[in-house]
Each structure stands twice: as structure tokens, then as C-alpha cells.
Number of protein chains: 2
Amino acid sequence: MERLPGFRDFFPEPLPNAESWSADLRNHIFDAWRSAAHRYGFREYDGPPLEPLDLFTLKSGDEIVGQLFNFTDKGERAVAMRPEMTPTLARMIAASERTYKKPIKWFSIPQLFRYEKQQKGRLREHFQLNADIIGEADIAAEAELISLLIDSLRALGLTSEDFVIRLSSRNAWHSFFTDRCKDESKAPDFYQAVDKLEREQPDVTAQKLALLGIAIEDVNQFIAAGAPTAELQSVLDNLAARGLSDFVRVDYGVIRGLAYYTGIVFEAFDKKGEFRAIAGGGRYNNLVKLISGGKVDLPALGFGMGDVVLAELLKARGLVPKFHANLHAYVLIEDESFRSDSLRLVQQLRDAGRAIEFSITATKSDRQFKRAIELSAKFVVQLQKGADGTLAAKLKNLKSREEKIVALAEVSSHLESTI
Amino acid sequence: MERLPGFRDFFPEPLPNAESWSADLRNHIFDAWRSAAHRYGFREYDGPPLEPLDLFTLKSGDEIVGQLFNFTDKGERAVAMRPEMTPTLARMIAASERTYKKPIKWFSIPQLFRYEKQQKGRLREHFQLNADIIGEADIAAEAELISLLIDSLRALGLTSEDFVIRLSSRNAWHSFFTDRCKDESKAPDFYQAVDKLEREQPDVTAQKLALLGIAIEDVNQFIAAGAPTAELQSVLDNLAARGLSDFVRVDYGVIRGLAYYTGIVFEAFDKKGEFRAIAGGGRYNNLVKLISGGKVDLPALGFGMGDVVLAELLKARGLVPKFHANLHAYVLIEDESFRSDSLRLVQQLRDAGRAIEFSITATKSDRQFKRAIELSAKFVVQLQKGADGTLAAKLKNLKSREEKIVALAEVSSHLESTI
């Protein structure tokens, strides 16, 4: 029985083979994301992985249906597994915004689903950090959000040598467009053509642009000049005050394909250009109004960062730590007459917050010791009887090989809580 | 735009209304589960929320299809959103068991989906702690697993006053059955009848049992006698050595409805009997073999504990803490000329692991102060210039109202890292 193509199993390390995904690495990434979000005062939310199909077509049009895991449920509802989080967020905000002081700073780590064309290594699900600020029109919100994006990556050990945020502006591109084309309805076509500039053959893009009466040289020149707008300069200044200038640069080559962005947009890339975008986002001031059917109108901005490209980047940069069970101690039972007392000790240590492993059945002592080493336990603890008949514990530090005898009540404090 | 019936949105606290689900409480429960599992040396895994439909019908028969979110995907595959984790676990184990030393101790916190009949408060998804031990036939594994179940609940503040594990044995019931009925194929019907004993009218159960040639009085008497088998006594002794006797009792009223259990079974209940079962599990020695098509044969046991009943129980027992953003400090900017330096301080404090909030736009100082209190920040920090022109920070502890002036480099260490 095989799993579905494009879906992942996550195994504890050591992994069964080189292609396996690591549950430990996944949690390492989630922990870094949560810790950064928490430091920025972002609060966690979540929504259903299954939503009414309309929620997604309303935002993205009917074309998106071809890329969804969608179906009709047993109650005759058209439903879809969520391909993105923002429509759910907008729905939740529209339903609850009176409760929350603005700006609302929320994050989530949803698993998202897309029925992608089957290609080697092309996944149909991924996890994504979504961070959004809602109810703040000031450009200072962009700086706060981009700063979080930077620190979500720094929390994993990545530096300004490894990645950069390319900062752009839909407003700047919109001015560029309206100076050259009077048909506003063609703006989305223009954004998409510019979005594909780096991935498509120049003559294909040139042809698309020509249809709008725009020369590709003109577009390339605008990108090359790269003069920041006043808004972009404000974001740069704000990030400079935070000491984060090294992590951003203005780059009009970024525009984001989706139609619904309304202001500054940005993408994070590895500096060597080996991978697809690590993250992307921007301002989307009209979406909450659209999703709420006009009832709630709040400016908003956000970004999404997936776990797949990020995991690849961390591996390539040697930033994946060695994962194991993080055991404080392995309680070794050589003499079965000590089992009952050893069980009590195991329980006492676990109650005190220590991670403890032991052999639940009678096992040769050298096999237990070997297991303790395999599990990277910090200590081996073994009960023994003193001359006066009282029980004590022999602790062996598996790194330093140091041994000591301590009273039962003191074992826990000898196993430091952080390992 | 509404969410689907039976699905939940999870909001940060304070909640928009009394019916809302709390993302903070959900994470509080997940953290307690993870922490207990970690102390026991269990490692985390995860699988796809969407699986081939066969994976579930193979284990549970075609009847389960009526309760699933199942559909045909765009590649003509019959697929289903996972209603339980054990088949996925068995599939993963069958594919990887050579990598892992036995016993394998794994846990996961999957979201599970069932198309339940629509009733008030009846959900169609929930999260479930799944903990399993694979590759250990000895009854000591039951004791280790039940001990983890107990400590997963104790980690949330529940005591032996609040809950009890009712311990039973499929083997004991199987002996009872074969002593009275020679048709082994009827055993599943018998288990189901006993499973429903506490929820069904006695005459309905009596009728079902009569069809198997068994008297309901006979069943009731067996339960009332409740003499532990040697296996159950061994589990009780093991838990007694750990000091956990108060949390378990033998109770043959528990049998677990599902056909695939092969040994000891158990369920956790609140002691006042106000809620449905908190958790349930048992030994299932044949499942890995079944799912792997006979290729891998490993004994196994496990339990599942859902988040919904547990959250209700914690609320009823007053065990839900007050959740907020856990901010170390709110950096207050009264004079905008301090904004740039304040941004640098915010970044320094966040870099040092502190959770910091501030007003990203110019705001009246009393409104900022009010916001700091609403957010339950521990300190308000404000930059000021000393007589010599150097910047310093004024710290106000919002609880003790104590104030002090400290050098910029020392602010972080004054905001203790745990709050």
C-alpha cells in the first residue's frame, strides 16, 4: 500500500533513506517560525483544511479549480482542500474583527494542497508560515512584516550571505503601466508578463508586452534603474533603523503574479540563485472586503513561506542540526531485582521534566548500554545498593565518561534540564 | 462566506464569542502532549491527511466509506481524508521498520476527519494524540503506554480525582465468549454488543446476546466480578511500581468496539462521568501484517486521545490558563524623535529572544500605555536622554509599578526570559 503521489510521510531521524522527509527537521522549522512570530507579538490562528470551493474561486477565479483537490461532499456541498490560507484568514477576520485591536498581527502554519501536474519532486502539499498584519494602512506595517520575515529565516541560522528580500511596488509598476497603456483591464496581463520575465524566453515576453503597446526594453530599463519610490524608501529607512539593511534591496524584477496585490510586494531568494523563491508577499487592501461581501473593509498585508524550498536551502547550507530523542538519561537495569525501584526512579525523573528511556523488558546489560549510546542519551543511570543497604544511583556521563554516585532524590538535578 | 459545518476556526484569545475555539488552548494541549511524549522517549512522525481509500477499507471494511470525506481525485484515484492515524502508521512502519530499533515508540498529532451525521455540536474533524509502541509483544509495553497516557493528562493539571483508566482485556472476553459460543465468526458481534452495554437499552443488548446464546446476566456478572487476568495484574503491578495505581482500575465494561484489537484494551474517562471517553486504545498485533500485505509482521499497541472532549474537561475543571501574547515588554515611543533608536532597541531585544510589541505608527502615549496593559506586557520600556546626552531606557514593571533606569545594553537582561 503506497501513499499518494506528491504527499509526504515524515519520519523521525535517523531516516529510512535519503529521500525520506524528516519529522524532526519539520518541527525544527516550525519551532523557529513560531519563536520568531512570538518575539514579534504575532498570535497563532488556524482554520479548516477543507473549505467551501467558493471561498477560493471568489478570490482567484474559476481557473483555480483545475489545480485543487475539490469534490462534492456527502451533503452536496462543493468543497476544496485549502490551496492557500489568505481567504480563510479574510473570512475569520471579517467574522471577528470587532474583538481585536488593530493592527491585528496573526500567523498560522497550515498544510496547503494543490493538484499539481505530476512531475518528479513536484509536491501536492506543503506547510507554509503565513504571517499577516490587518487593519494598518501605514507603510510601517510593511517594515514590521518584512522584519519578521527576515528574522524567521535568521532563526534557522541563515544570514545576509544566504538570502535577500527583493522589494518592489505594485504602485510603481501601475504608474509605469498607465503611462503606457490606457486599458486598465489589461493590468493583470501586464503584471503576469513581468512576473514571468526571469523564467520565460525574452521573445515570448516581448510579444506579450507588445500586445499591450509596451516595449520589453522599456520594462528592462525600469528594472535596471530601480529607483525606490517614496514608499519603498520609507521601508528601507525603517529596516535600516533596525539594522537590517543587508537583508533587503529594491528590485522591480519582482512583481508577484497574483492580481490582488495593491502596494508593496516582495520575495525572499537565496543569494546564490539555486532555488525557487523562499517566501513572497505583499499588501492586499481589497481582499477582506471582497471575501466579506463588502461588510468589512480593512487594509492588510502578509507573506507566505513554504517548508519545502526552505528545507532544501538549510540542507545545502549545512544548517540542519543532528536530531535525536534528546534524552537526559537512559536508566539501565542490570539486575532485574532492581526493576521495580528503577521504574519508580524513571517515573520520578519524568515527573521532574526529564526525558528518560529504559529497556521495558529484561535485556543484557551491554545491549542496554549500546542502546543508550545509539539514542545519544546524556547519562546512563543505574541503581545500586550501598553498604548500608540504601539505594543510590550511579550516573555515567556518556560524553565525559565521568561517573558519580548520587542519592536518589538528587538524580534529577544532576541531569541538567537543557541538553 | 461561512465555514463548513462541523469544522472549526481557531482564534487567538480573547475570543470573539463563547462558542469560538481557542488556538491558544489548542496549542496548550499540543504542548502538554508533546512534552509528555518527549519525556517518555517517543518520537514524532506524521503522514498525509489524504490517503488511498483502500488503506482505510482494508482495515475497517467497506462500511467505513459512509463516514468518510472520500472522493475521486483528478488522477482517477479513490482517496479519502484520514479518519484515523493507525493505518498510515502501519503503512509507514511496514516501509521503514528495518531502520528502527525495536520497540519503536512513536507519536503524532494528526487532524482526523469523519463525515458524521449533522447534529448540534457534532464535529467532523478533531486533533488526536496518537501514541504507539511497535515491535514489543511483552505486556510491559502496555504499562509504558498507559503510563504515557496518564502523564499526557497530568501534564494538563488533571489528577486521579479527575480521570481514571478503565483497563480490560480482549483475551479475557474472548475466553468468556468461546466458553459459551462455538462460532468464532460471531466474536465481533459479541464485542460490539458488550461495547454498547452502557449506552444501549438493556433489552436491546439482551436480544443481541441471546442470538449468540449468551445471557446478559452472565455478561453483567463477569463485569461485576472483575477479577484481573494475569496479564492485567502484570500491568497493574508495573504501574504500581511507578506510583500510578490511583489512575487505573480493571473494568471489563470496556471492550472497544473495533474488531482489530487482540489483547489488553483500555479507555480513559472523567471520574464524574460527564463526558464521553477521553482516550482509548489497546493492542493490535495483526494490523501491521494486514496493511503490509503480509510482508511485515510486528506486534503493536497504541492509543488515541482527541482534543475536543479534553478541552471540554479542562474547561469544566478550571484548568484552562489565561492566554495572552506573553510579551516581555512594550516599547513606548512618546517622542517621535526617538523612533529610530526605539526601532533599534526593539530589534536588539527581539534578537535576544524577548517578545516585544510597540506601536508601529505615531500614537498618543496614553493609548500606547493602555495597549501595553491590554496585552499583559510585563514591562513598558521607554527611551530617554540623560543629562550627558546618552540614551538610556526607563523600565516600568506593570505588575509591581516599580521603575528603574538602565543602560541600553542591559535592558534585555532585565526582562527575564520566562514570563
# chains A, B, ... in the order shown; residues from 1 in each chain; ligands from 1
$ select_by_dssp --residues "region 63-302 of chain B" --states "strand (DSSP E or B)" --output "PyMOL selection string"
chain B and resi 70-72+78-81+104-108+111-113+125-134+163-169+248-250+264-270+279-283+300-302
$ write_last_selection --atoms "C-alpha atoms" --output "tab-separated table (two decimals), in the first residue's frame"
chain	number	residue	atom	x	y	z
B	70	ASN	CA	-13.83	10.48	0.20
B	71	PHE	CA	-13.73	11.32	-3.49
B	72	THR	CA	-12.07	10.55	-6.81
B	78	ALA	CA	-10.15	6.79	-4.93
B	79	VAL	CA	-8.91	8.86	-1.99
B	80	ALA	CA	-10.10	9.78	1.50
B	81	MET	CA	-9.22	12.34	4.15
B	104	ILE	CA	9.59	1.68	18.12
B	105	LYS	CA	7.94	4.40	20.22
B	106	TRP	CA	6.25	7.00	18.04
B	107	PHE	CA	3.60	9.65	18.43
B	108	SER	CA	1.75	12.04	16.15
B	111	GLN	CA	-6.12	16.19	12.38
B	112	LEU	CA	-8.70	13.50	11.55
B	113	PHE	CA	-11.90	13.75	9.52
B	125	GLU	CA	-12.74	16.97	12.40
B	126	HIS	CA	-10.64	16.79	15.51
B	127	PHE	CA	-6.99	16.57	16.50
B	128	GLN	CA	-5.79	13.42	18.19
B	129	LEU	CA	-2.66	12.44	20.06
B	130	ASN	CA	-1.68	9.03	18.70
B	131	ALA	CA	1.00	7.15	20.61
B	132	ASP	CA	2.07	3.66	19.61
B	133	ILE	CA	4.67	1.08	20.56
B	134	ILE	CA	5.61	-1.30	17.74
B	163	PHE	CA	-9.88	10.80	35.49
B	164	VAL	CA	-9.33	7.05	35.54
B	165	ILE	CA	-8.11	4.50	33.02
B	166	ARG	CA	-10.52	1.57	32.77
B	167	LEU	CA	-8.44	-1.46	31.92
B	168	SER	CA	-9.84	-4.54	30.23
B	169	SER	CA	-8.79	-7.49	28.13
B	248	VAL	CA	-6.17	2.72	36.80
B	249	ARG	CA	-8.76	0.09	37.60
B	250	VAL	CA	-9.77	-3.16	35.95
B	264	ILE	CA	-5.45	-5.59	26.58
B	265	VAL	CA	-7.76	-2.66	25.81
B	266	PHE	CA	-8.40	0.50	27.82
B	267	GLU	CA	-10.27	3.77	27.89
B	268	ALA	CA	-9.78	6.96	29.91
B	269	PHE	CA	-12.85	8.59	31.44
B	270	ASP	CA	-13.54	11.62	33.60
B	279	ALA	CA	-8.93	8.39	25.18
B	280	GLY	CA	-8.92	4.76	24.15
B	281	GLY	CA	-6.55	2.15	22.88
B	282	GLY	CA	-5.18	-1.34	23.06
B	283	ARG	CA	-3.05	-3.97	21.44
B	300	ALA	CA	1.82	-3.30	18.22
B	301	LEU	CA	-0.32	-1.28	20.59
B	302	GLY	CA	-1.43	2.29	20.82
$ residues_around --residues "region 3-10 of chain A" --least-positions-apart "3" --cutoff "6 Å" --atoms "only C-alpha atoms" --output "PDB file with N, CA and C atoms, in the first residue's frame"
ATOM      1  N   TRP A  21      11.433  12.360   4.225  1.00  0.00           N
ATOM      2  CA  TRP A  21      11.320  13.665   4.876  1.00  0.00           C
ATOM      3  C   TRP A  21      11.407  13.476   6.378  1.00  0.00           C
ATOM      4  N   SER A  22      12.059  14.415   7.022  1.00  0.00           N
ATOM      5  CA  SER A  22      12.309  14.311   8.450  1.00  0.00           C
ATOM      6  C   SER A  22      11.258  15.064   9.253  1.00  0.00           C
ATOM      7  N   ALA A  23      10.576  14.342  10.150  1.00  0.00           N
ATOM      8  CA  ALA A  23       9.634  15.000  11.061  1.00  0.00           C
ATOM      9  C   ALA A  23      10.385  15.942  12.000  1.00  0.00           C
ATOM     10  N   LEU A 123       5.577  18.450  -5.432  1.00  0.00           N
ATOM     11  CA  LEU A 123       4.698  18.032  -4.347  1.00  0.00           C
ATOM     12  C   LEU A 123       3.287  18.565  -4.519  1.00  0.00           C
ATOM     13  N   ARG A 124       2.354  17.889  -3.871  1.00  0.00           N
ATOM     14  CA  ARG A 124       0.956  18.326  -3.901  1.00  0.00           C
ATOM     15  C   ARG A 124       0.495  18.868  -2.557  1.00  0.00           C
TER      16      ARG A 124
ATOM     17  N   TYR B  45       6.112  11.623  14.370  1.00  0.00           N
ATOM     18  CA  TYR B  45       6.034  11.346  12.929  1.00  0.00           C
ATOM     19  C   TYR B  45       4.759  11.997  12.422  1.00  0.00           C
ATOM     20  N   ASP B  46       4.588  12.039  11.122  1.00  0.00           N
ATOM     21  CA  ASP B  46       3.313  12.478  10.537  1.00  0.00           C
ATOM     22  C   ASP B  46       3.164  11.849   9.167  1.00  0.00           C
ATOM     23  N   GLY B  47       1.951  11.755   8.699  1.00  0.00           N
ATOM     24  CA  GLY B  47       1.679  11.230   7.365  1.00  0.00           C
ATOM     25  C   GLY B  47       0.728  12.158   6.645  1.00  0.00           C
ATOM     26  N   PRO B  48       0.334  11.786   5.435  1.00  0.00           N
ATOM     27  CA  PRO B  48      -0.542  12.654   4.640  1.00  0.00           C
ATOM     28  C   PRO B  48      -1.976  12.670   5.182  1.00  0.00           C
TER      29      PRO B  48
END
$ atom_distance --atom1 "CA of Leu158 (chain B)" --atom2 "CA of Ser342 (chain A)"
25.0 Å
$ closest_residue --among "A:Leu148, A:Ala316, A:Ala241, A:Ala210" --to "chain B" --atoms "only C-alpha atoms"
A:Ala241
$ closest_atom_pairs --of "chain B" --to "chain A" --cutoff "6 Å" --atoms "only C-alpha atoms" --output "Markdown table"
| residue | atom | partner | partner_atom | distance |
| --- | --- | --- | --- | --- |
| B:Phe7 | CA | A:Pro48 | CA | 5.9 |
| B:Asp9 | CA | A:Gly47 | CA | 4.4 |
| B:Phe10 | CA | A:Asp46 | CA | 5.0 |
| B:Phe11 | CA | A:Tyr45 | CA | 5.1 |
| B:Pro12 | CA | A:Tyr45 | CA | 5.8 |
| B:Pro16 | CA | A:Thr99 | CA | 5.3 |
| B:Ala23 | CA | A:Tyr45 | CA | 5.5 |
| B:His38 | CA | A:Ala355 | CA | 6.0 |
| B:Arg39 | CA | A:Ala355 | CA | 3.6 |
| B:Tyr40 | CA | A:Ile356 | CA | 5.8 |
| B:Gly41 | CA | A:Glu357 | CA | 5.7 |
| B:Tyr45 | CA | A:Phe11 | CA | 5.1 |
| B:Asp46 | CA | A:Phe10 | CA | 5.0 |
| B:Gly47 | CA | A:Asp9 | CA | 4.4 |
| B:Pro48 | CA | A:Phe7 | CA | 6.0 |
| B:Ser96 | CA | A:Pro16 | CA | 5.6 |
| B:Thr99 | CA | A:Pro16 | CA | 5.3 |
| B:Ala140 | CA | A:Ile360 | CA | 5.9 |
| B:Ala241 | CA | A:Ser340 | CA | 5.3 |
| B:Arg242 | CA | A:Arg344 | CA | 4.4 |
| B:Ser340 | CA | A:Ala241 | CA | 5.3 |
| B:Leu343 | CA | A:Arg242 | CA | 5.4 |
| B:Arg344 | CA | A:Arg242 | CA | 4.4 |
| B:Gln347 | CA | A:Arg242 | CA | 5.7 |
| B:Arg350 | CA | A:Arg39 | CA | 5.6 |
| B:Arg354 | CA | A:Arg39 | CA | 5.7 |
| B:Ala355 | CA | A:Arg39 | CA | 3.6 |
| B:Ile356 | CA | A:Arg39 | CA | 5.8 |
| B:Glu357 | CA | A:Gly41 | CA | 5.7 |
| B:Ile360 | CA | A:Ala140 | CA | 5.9 |
$ residues_around --residues "Asp297 (chain A)" --least-positions-apart "4" --cutoff "9 Å" --atoms "only C-alpha atoms" --output "tab-separated table (two decimals) with N, CA and C atoms, in the first residue's frame"
chain	number	residue	atom	x	y	z
A	94	ALA	N	-13.18	38.86	8.94
A	94	ALA	CA	-14.48	39.50	8.68
A	94	ALA	C	-15.48	39.13	9.77
A	135	GLY	N	-5.51	45.79	9.23
A	135	GLY	CA	-6.03	47.00	9.85
A	135	GLY	C	-5.01	48.11	10.00
A	285	ASN	N	-5.05	45.23	0.02
A	285	ASN	CA	-6.03	46.03	0.77
A	285	ASN	C	-7.49	45.73	0.44
A	286	ASN	N	-7.77	45.03	-0.66
A	286	ASN	CA	-9.17	44.84	-1.05
A	286	ASN	C	-9.74	43.47	-0.73
A	287	LEU	N	-8.90	42.56	-0.25
A	287	LEU	CA	-9.34	41.16	-0.15
A	287	LEU	C	-10.36	40.92	0.97
A	288	VAL	N	-10.14	41.53	2.13
A	288	VAL	CA	-11.08	41.31	3.24
A	288	VAL	C	-12.47	41.79	2.83
A	289	LYS	N	-12.51	42.93	2.14
A	289	LYS	CA	-13.79	43.47	1.66
A	289	LYS	C	-14.44	42.49	0.68
A	290	LEU	N	-13.65	41.96	-0.23
A	290	LEU	CA	-14.17	41.02	-1.22
A	290	LEU	C	-14.74	39.77	-0.56
A	292	SER	N	-15.65	39.31	2.51
A	292	SER	CA	-16.76	39.55	3.44
A	292	SER	C	-17.99	40.08	2.72
$ residues_around --residues "Leu310 (chain B)" --least-positions-apart "3" --cutoff "10 Å" --atoms "only C-alpha atoms" --output "ChimeraX atom specification"
/B:29,153,156,270,275-279,305-307,313-316
$ write_last_selection --atoms "C-alpha atoms" --output "short mmCIF file (atom, residue, chain, number, x, y, z; two decimals), in the first residue's frame"
data_model
loop_
_atom_site.label_atom_id
_atom_site.label_comp_id
_atom_site.auth_asym_id
_atom_site.auth_seq_id
_atom_site.Cartn_x
_atom_site.Cartn_y
_atom_site.Cartn_z
CA ILE B 29 -2.90 20.88 24.78
CA LEU B 153 -3.34 14.12 31.09
CA LEU B 156 -2.51 19.45 31.77
CA ASP B 270 -13.54 11.62 33.60
CA PHE B 275 -18.11 13.34 29.20
CA ARG B 276 -17.53 10.76 26.51
CA ALA B 277 -14.29 8.76 26.68
CA ILE B 278 -11.18 10.99 26.81
CA ALA B 279 -8.93 8.39 25.18
CA MET B 305 -6.77 10.96 22.61
CA GLY B 306 -8.86 13.69 20.97
CA ASP B 307 -8.69 17.40 21.64
CA LEU B 313 -12.99 18.60 30.53
CA LEU B 314 -10.22 21.15 31.16
CA LYS B 315 -12.77 23.98 30.98
CA ALA B 316 -15.14 22.17 33.37
#
$ select_by_dssp --residues "region 63-237 of chain B" --states "alpha helix (DSSP H)" --output "PyMOL selection string"
chain B and resi 86-96+140-154+170-180+187-195+202-211+216-225+230-237
$ residues_around --residues "Gly253 (chain A)" --least-positions-apart "4" --cutoff "8 Å" --atoms "only C-alpha atoms" --output "list of chain:residue names"
A:Ser168, A:Val194, A:Asp195, A:Leu197, A:Glu198, A:Ile223
$ write_last_selection --atoms "C-alpha atoms" --output "CSV table (one decimal), in the first residue's frame"
chain,number,residue,atom,x,y,z
A,168,SER,CA,9.2,46.0,-5.2
A,194,VAL,CA,6.6,41.0,-15.9
A,195,ASP,CA,6.3,38.2,-13.2
A,197,LEU,CA,10.3,37.8,-17.2
A,198,GLU,CA,13.0,35.9,-15.4
A,223,ILE,CA,14.0,47.4,-13.6
$ closest_residue --among "B:Lys59, B:Lys102, B:Arg256, B:Lys295" --to "Pro87 (chain B)" --atoms "only C-alpha atoms"
B:Lys59
